[in-house]
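Below: the structure, in structure tokens.
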2 protein chains.
Amino acid sequence: MLGIRFPVIQGGMAWCSGWKLASAVSNSGGLGLLGAGSMTPEVLREHIRKCHQATDRPFGVNVPLQHAEINEIIEILIEEGIKIVFTSAGDPCEWTGWLKGKGMIVAHVVSSSRQAQKAEKAGVDLIVAEGVEAGGHNGREETTTFCLIPSVRKNSSLPLIAAGGIATGAGFLAAMTLGAEGIQIGTRFALTQESSASEVFKQYCLELGEGATRLMFRKLVPVRLAENPFRRQVEEAEARGASEEDLLSLLGSGRAWMGIFQGDLSEGEIEIGQVATLVERIQTVEEVMKEIVEEYLEALFKRNEW
Amino acid sequence: MLGIRFPVIQGGMAWCSGWKLASAVSNSGGLGLLGAGSMTPEVLREHIRKCHQATDRPFGVNVPLQHAEINEIIEILIEEGIKIVFTSAGDPCEWTGWLKGKGMIVAHVVSSSRQAQKAEKAGVDLIVAEGVEAGGHNGREETTTFCLIPSVRKNSSLPLIAAGGIATGAGFLAAMTLGAEGIQIGTRFALTQESSASEVFKQYCLELGEGATRLMFRKLVPVRLAENPFRRQVEEAEARGASEEDLLSLLGSGRAWMGIFQGDLSEGEIEIGQVATLVERIQTVEEVMKEIVEEYLEALFKRNEW
């Protein structure tokens, strides 16, 4: 359906997923996604054009439906000939029909079976189901990948992409075993050479231990953050029962940009998945894809020997 | 090592895991565990004797190391000829050497690689690694099964049992794919005919939707609870930043007994795993074991056809 060699999709992550990352993933046989969430419409246009130049394989764009300039973003997808759109963080009914009318393949990211059923009704072609171990913004129900994938599989007949906690070939095979047809990888691609995240952010994430990321801001929009001075402030505020307004004021704006793109380890948000503990070094996208596919086949052959 | 046919262990759960459940699991080819956490020493002795009468296959006892009468509990394990002990909720250094000196096989339940390494140093024979999706008491690091199993696999060379979120044959195979040698199932066995939980509790758990369980009491000992009037009180208290003392006083005592054993859906703690959404009906243990093993083989053969 997507015209790719391996059912491995690179998550469209704010401040990480520019044309370098997306084109490298597509050139390695997966599906690269530009992350429109952290782009203005004109920046997105530039990334789409550069991505077209850098690869002749399919790539797509992840569009958070609550983007402040959503109309302009969608306009640019059409103008620049984008054929694959992954929508997230919003109501799939708003745009799915219209995008499909323009001949696009539409996937929608969900964190529950209820959302998956809503997306299916809205007419999307694929579902991405993301467990609570994923980095960055997250669903309110806090369902883990191990519980979410079989549940969505049971409640939807659409092709299903598993996301959240997947960084290795064994994880790839385990997700397929739970009922997925493909996987979406965020964290491991965020920590590749081609990711546009700050090198300071990447190194910091490589060194995180188990338990270093937590779901924060449950009273606003839940987001998985690694420990740092800013998160400690949030923890303290939440422990004393801070109100939504207090939390909004503490959050301020541009924290993800500061943490991920500027590498401000003190005041920024360090958005990364729980599975960062399994990522050992910064590699190229090509190395990552090769390792994941080889590990996947190895794990599959090992099973066959039982 | 355990003398069982299938590497499927039934979690030793408070108020669920008496001799009926444990002997049924052992008779079906898995490993049944008595849950000493909710038993006085003399009640445990009675359950061990009845379990010996009900099965000639191996079974074990789960012992939370913080049990108020731990010395008497251990004494009874020896007197009644128990050969397999699963310890949890405490320091594995305290009893492991002593128990092994008595010829017992000792497993320890952990929620992090750090705890796994500590247990390995203490000399345990097996590790049970339990993800945050598990019901009841839980680790502080909130690592999910999908992230925890590969991480513990990487950091320990001991035989590894995966727990948390596993209720089906596909989950069984996925856990093995992530690096486990066996699985421990709690929730699905808690909801069998042979479980000593109240029928009211079992029916309530069957009807839970996705997102119905949450980790509560993070300021005390984290515990996964299903939604009910008592949990709503806890949520409100936590949202306004209640202190440890306030939470302890709200918790009171005997809440698990009320919820699980008495079926008090209003004032009791409904301790159950996130994977309850995948459990569709109350079955016998034999039916559950047969289904899980058949689904496992089916999932394995499906993989082989790729």
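Going through the structure tokens in order, the chains are called A, B, and so on, while each chain numbers its residues from 1 and the ligands are numbered from 1 in the order shown.
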Test item: residues at most 9 Å from Lys20 (chain A), only C-alpha atoms, excluding those fewer than 4 positions along its chain, as a ChimeraX atom specification: /A:24-25,47,50-51,54,194-196
May I have the selected residues written with N, CA and C atoms, as a PDB file, in the first residue's frame?
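Output saved as out_22.pdb:
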ATOM      1  N   ALA A  24      16.470   9.813   4.403  1.00  0.00           N
ATOM      2  CA  ALA A  24      17.375   8.702   4.722  1.00  0.00           C
ATOM      3  C   ALA A  24      16.582   7.429   5.022  1.00  0.00           C
ATOM      4  N   VAL A  25      15.472   7.562   5.759  1.00  0.00           N
ATOM      5  CA  VAL A  25      14.652   6.387   6.077  1.00  0.00           C
ATOM      6  C   VAL A  25      14.040   5.823   4.795  1.00  0.00           C
ATOM      7  N   HIS A  47      11.115  21.741   3.308  1.00  0.00           N
ATOM      8  CA  HIS A  47      11.519  20.369   3.647  1.00  0.00           C
ATOM      9  C   HIS A  47      10.957  19.362   2.645  1.00  0.00           C
ATOM     10  N   LYS A  50      13.123  19.624  -0.513  1.00  0.00           N
ATOM     11  CA  LYS A  50      14.442  19.008  -0.317  1.00  0.00           C
ATOM     12  C   LYS A  50      14.327  17.486  -0.223  1.00  0.00           C
ATOM     13  N   CYS A  51      13.263  17.023   0.396  1.00  0.00           N
ATOM     14  CA  CYS A  51      13.071  15.573   0.540  1.00  0.00           C
ATOM     15  C   CYS A  51      12.840  14.938  -0.834  1.00  0.00           C
ATOM     16  N   ALA A  54      16.059  14.550  -2.402  1.00  0.00           N
ATOM     17  CA  ALA A  54      16.976  13.602  -1.762  1.00  0.00           C
ATOM     18  C   ALA A  54      16.559  12.143  -1.932  1.00  0.00           C
ATOM     19  N   GLU A 194      21.127  11.590  11.183  1.00  0.00           N
ATOM     20  CA  GLU A 194      20.323  12.426  10.295  1.00  0.00           C
ATOM     21  C   GLU A 194      19.210  13.188  11.015  1.00  0.00           C
ATOM     22  N   SER A 195      18.938  12.856  12.250  1.00  0.00           N
ATOM     23  CA  SER A 195      17.910  13.578  13.008  1.00  0.00           C
ATOM     24  C   SER A 195      18.359  15.016  13.217  1.00  0.00           C
ATOM     25  N   SER A 196      17.431  15.943  13.124  1.00  0.00           N
ATOM     26  CA  SER A 196      17.814  17.351  13.280  1.00  0.00           C
ATOM     27  C   SER A 196      17.812  17.803  14.741  1.00  0.00           C
TER      28      SER A 196
END
Neighbours of chain A in chain B at 8 Å, counting only C-alpha atoms, as a ChimeraX atom specification: /B:112-113,133,140-147,150-151,165-166,170-171,173-175,177-178,210-212,214,238-242,274-275,277-278,299-300,303-304
Hey, can you spit out that residue selection with C-alpha atoms as a compact mmCIF listing (two decimals), in the first residue's frame?
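File written: result.txt
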# COMPACT_ATOMS: atom_id res chain seq x y z
CA SER B 112 14.00 -2.96 36.79
CA SER B 113 17.38 -4.20 35.55
CA GLU B 133 0.80 -2.78 33.08
CA ARG B 140 8.45 2.94 40.92
CA GLU B 141 10.15 3.29 37.55
CA GLU B 142 6.98 2.52 35.58
CA THR B 143 8.79 0.63 32.84
CA THR B 144 6.45 -1.22 30.48
CA THR B 145 6.84 -4.90 29.58
CA PHE B 146 7.87 -4.00 26.04
CA CYS B 147 10.81 -1.94 27.33
CA PRO B 150 14.82 -6.63 26.54
CA SER B 151 16.53 -4.43 29.09
CA GLY B 165 0.15 -7.44 30.24
CA ILE B 166 0.34 -11.11 29.14
CA ALA B 170 0.18 -14.14 21.11
CA GLY B 171 1.34 -12.22 24.18
CA LEU B 173 5.07 -15.59 22.02
CA ALA B 174 5.71 -11.83 21.92
CA ALA B 175 7.22 -11.96 25.42
CA THR B 177 10.47 -12.87 21.29
CA LEU B 178 11.50 -9.96 23.52
CA GLU B 210 -9.46 0.23 27.97
CA GLY B 211 -7.97 2.88 30.21
CA ALA B 212 -9.97 1.68 33.24
CA ARG B 214 -4.42 3.46 36.61
CA GLU B 238 -3.83 13.19 44.59
CA ALA B 239 -4.94 15.96 42.23
CA ARG B 240 -5.03 18.41 45.09
CA GLY B 241 -1.57 17.28 46.24
CA ALA B 242 -2.49 15.19 49.31
CA GLN B 274 -4.41 -3.37 32.23
CA VAL B 275 -4.79 -6.53 30.13
CA THR B 277 -9.70 -5.70 28.62
CA LEU B 278 -8.54 -8.77 26.68
CA ALA B 299 1.06 -17.61 16.29
CA LEU B 300 4.35 -19.47 15.92
CA ARG B 303 5.24 -16.66 11.68
CA ASN B 304 6.80 -19.66 9.96
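For region 267-271 of chain A, the non-local neighbours within 8 Å, defined as residues at least 3 positions apart in the same chain or in other chains and counting only C-alpha atoms, are Gly135, Gly136, Phe201, Val223, Arg224, Leu225, Ala226, Glu227, Asn228, Pro229, Phe230, Arg231, Gly254, Arg255, Ala256, Trp257, Met258, Gly259, Ile260, Gly263 and Asp264 of chain A.
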All strand (DSSP E or B) residues (DSSP, backbone) inside region 12-96 of chain B, as an MDAnalysis selection string: chainID B and resid 31:35 59:64 84:88
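Looking only at region 191-272 of chain B, the set that DSSP places in alpha helix (DSSP H) from backbone geometry is Glu199, Val200, Phe201, Lys202, Gln203, Tyr204, Cys205, Leu206, Pro229, Phe230, Arg231, Arg232, Gln233, Val234, Glu235, Glu236, Ala237, Glu238, Ala239, Glu244, Glu245, Asp246, Leu247, Leu248, Ser249, Leu250, Leu251, Arg255 and Ala256 of chain B.
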Contact residues around Gly182 (chain B) with only C-alpha atoms at 12 Å, ignoring same-chain residues under 6 positions, as a ChimeraX atom specification: /B:1-2,4-10,30-31,126-129,149,158-163,166,169,171-176
Pull N, CA, C and O atoms from the residues just selected and write them as a compact mmCIF listing (two decimals), in the first residue's frame.
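selection_7.txt, freshly written:
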# COMPACT_ATOMS: atom_id res chain seq x y z
N MET B 1 14.01 -26.91 34.78
CA MET B 1 14.40 -26.52 36.14
C MET B 1 13.23 -26.62 37.11
O MET B 1 13.35 -27.07 38.25
N LEU B 2 12.06 -26.24 36.63
CA LEU B 2 10.89 -26.24 37.51
C LEU B 2 10.07 -27.53 37.38
O LEU B 2 9.13 -27.74 38.14
N ILE B 4 8.09 -28.39 34.89
CA ILE B 4 6.75 -28.15 34.35
C ILE B 4 6.74 -28.33 32.84
O ILE B 4 7.79 -28.28 32.18
N ARG B 5 5.54 -28.54 32.28
CA ARG B 5 5.41 -28.85 30.86
C ARG B 5 5.47 -27.58 30.00
O ARG B 5 6.11 -27.56 28.97
N PHE B 6 4.75 -26.55 30.42
CA PHE B 6 4.75 -25.27 29.69
C PHE B 6 5.36 -24.19 30.58
O PHE B 6 5.10 -24.17 31.78
N PRO B 7 6.15 -23.29 30.00
CA PRO B 7 6.77 -22.23 30.83
C PRO B 7 5.77 -21.12 31.17
O PRO B 7 5.99 -19.96 30.86
N VAL B 8 4.68 -21.52 31.79
CA VAL B 8 3.60 -20.58 32.14
C VAL B 8 3.41 -20.63 33.65
O VAL B 8 3.06 -21.68 34.20
N ILE B 9 3.67 -19.51 34.30
CA ILE B 9 3.59 -19.45 35.75
C ILE B 9 2.40 -18.59 36.14
O ILE B 9 2.14 -17.56 35.51
N GLN B 10 1.67 -19.06 37.14
CA GLN B 10 0.51 -18.29 37.60
C GLN B 10 0.99 -17.39 38.75
O GLN B 10 1.57 -17.87 39.71
N GLY B 30 1.26 -25.98 33.93
CA GLY B 30 2.02 -24.77 34.28
C GLY B 30 2.55 -24.88 35.70
O GLY B 30 2.59 -25.97 36.28
N LEU B 31 2.96 -23.74 36.25
CA LEU B 31 3.39 -23.72 37.65
C LEU B 31 2.42 -22.87 38.46
O LEU B 31 2.32 -21.65 38.24
N LEU B 126 16.03 -17.67 39.22
CA LEU B 126 15.26 -17.10 38.11
C LEU B 126 14.85 -15.67 38.46
O LEU B 126 14.68 -15.33 39.64
N ILE B 127 14.63 -14.90 37.40
CA ILE B 127 14.12 -13.54 37.56
C ILE B 127 12.72 -13.47 36.94
O ILE B 127 12.52 -13.96 35.84
N VAL B 128 11.78 -12.87 37.65
CA VAL B 128 10.51 -12.49 37.05
C VAL B 128 10.55 -10.98 36.87
O VAL B 128 10.69 -10.25 37.86
N ALA B 129 10.46 -10.50 35.63
CA ALA B 129 10.47 -9.05 35.38
C ALA B 129 9.06 -8.62 35.02
O ALA B 129 8.47 -9.13 34.06
N ILE B 149 11.56 -6.08 29.37
CA ILE B 149 12.07 -7.44 29.12
C ILE B 149 13.41 -7.40 28.36
O ILE B 149 14.39 -8.02 28.80
N LEU B 158 20.39 -14.73 33.90
CA LEU B 158 19.51 -15.74 34.50
C LEU B 158 18.29 -16.01 33.62
O LEU B 158 17.88 -15.16 32.84
N PRO B 159 17.69 -17.20 33.78
CA PRO B 159 16.41 -17.45 33.11
C PRO B 159 15.42 -16.35 33.50
O PRO B 159 15.35 -15.97 34.67
N LEU B 160 14.68 -15.88 32.50
CA LEU B 160 13.86 -14.68 32.67
C LEU B 160 12.40 -14.99 32.37
O LEU B 160 12.06 -15.50 31.31
N ILE B 161 11.55 -14.68 33.34
CA ILE B 161 10.09 -14.84 33.19
C ILE B 161 9.50 -13.45 33.01
O ILE B 161 9.72 -12.57 33.83
N ALA B 162 8.75 -13.26 31.91
CA ALA B 162 8.12 -11.96 31.65
C ALA B 162 6.74 -11.90 32.30
O ALA B 162 5.99 -12.88 32.24
N ALA B 163 6.41 -10.76 32.89
CA ALA B 163 5.10 -10.58 33.51
C ALA B 163 4.60 -9.18 33.24
O ALA B 163 5.38 -8.25 33.01
N ILE B 166 0.38 -9.87 29.94
CA ILE B 166 0.34 -11.11 29.14
C ILE B 166 -0.89 -11.92 29.52
O ILE B 166 -1.05 -12.29 30.68
N GLY B 169 -1.99 -16.30 24.00
CA GLY B 169 -0.88 -17.02 23.38
C GLY B 169 0.00 -16.10 22.54
O GLY B 169 1.22 -16.28 22.47
N GLY B 171 0.54 -12.95 23.19
CA GLY B 171 1.34 -12.22 24.18
C GLY B 171 2.48 -13.09 24.70
O GLY B 171 3.60 -12.61 24.91
N PHE B 172 2.19 -14.37 24.93
CA PHE B 172 3.19 -15.36 25.35
C PHE B 172 4.35 -15.36 24.34
O PHE B 172 5.52 -15.17 24.68
N LEU B 173 4.02 -15.53 23.04
CA LEU B 173 5.07 -15.59 22.02
C LEU B 173 5.80 -14.25 21.90
O LEU B 173 7.03 -14.22 21.74
N ALA B 174 5.06 -13.15 22.01
CA ALA B 174 5.71 -11.83 21.92
C ALA B 174 6.70 -11.65 23.07
O ALA B 174 7.81 -11.13 22.88
N ALA B 175 6.33 -12.09 24.26
CA ALA B 175 7.22 -11.96 25.42
C ALA B 175 8.48 -12.80 25.23
O ALA B 175 9.60 -12.37 25.54
N MET B 176 8.31 -14.01 24.67
CA MET B 176 9.47 -14.86 24.39
C MET B 176 10.36 -14.20 23.33
O MET B 176 11.58 -14.28 23.40
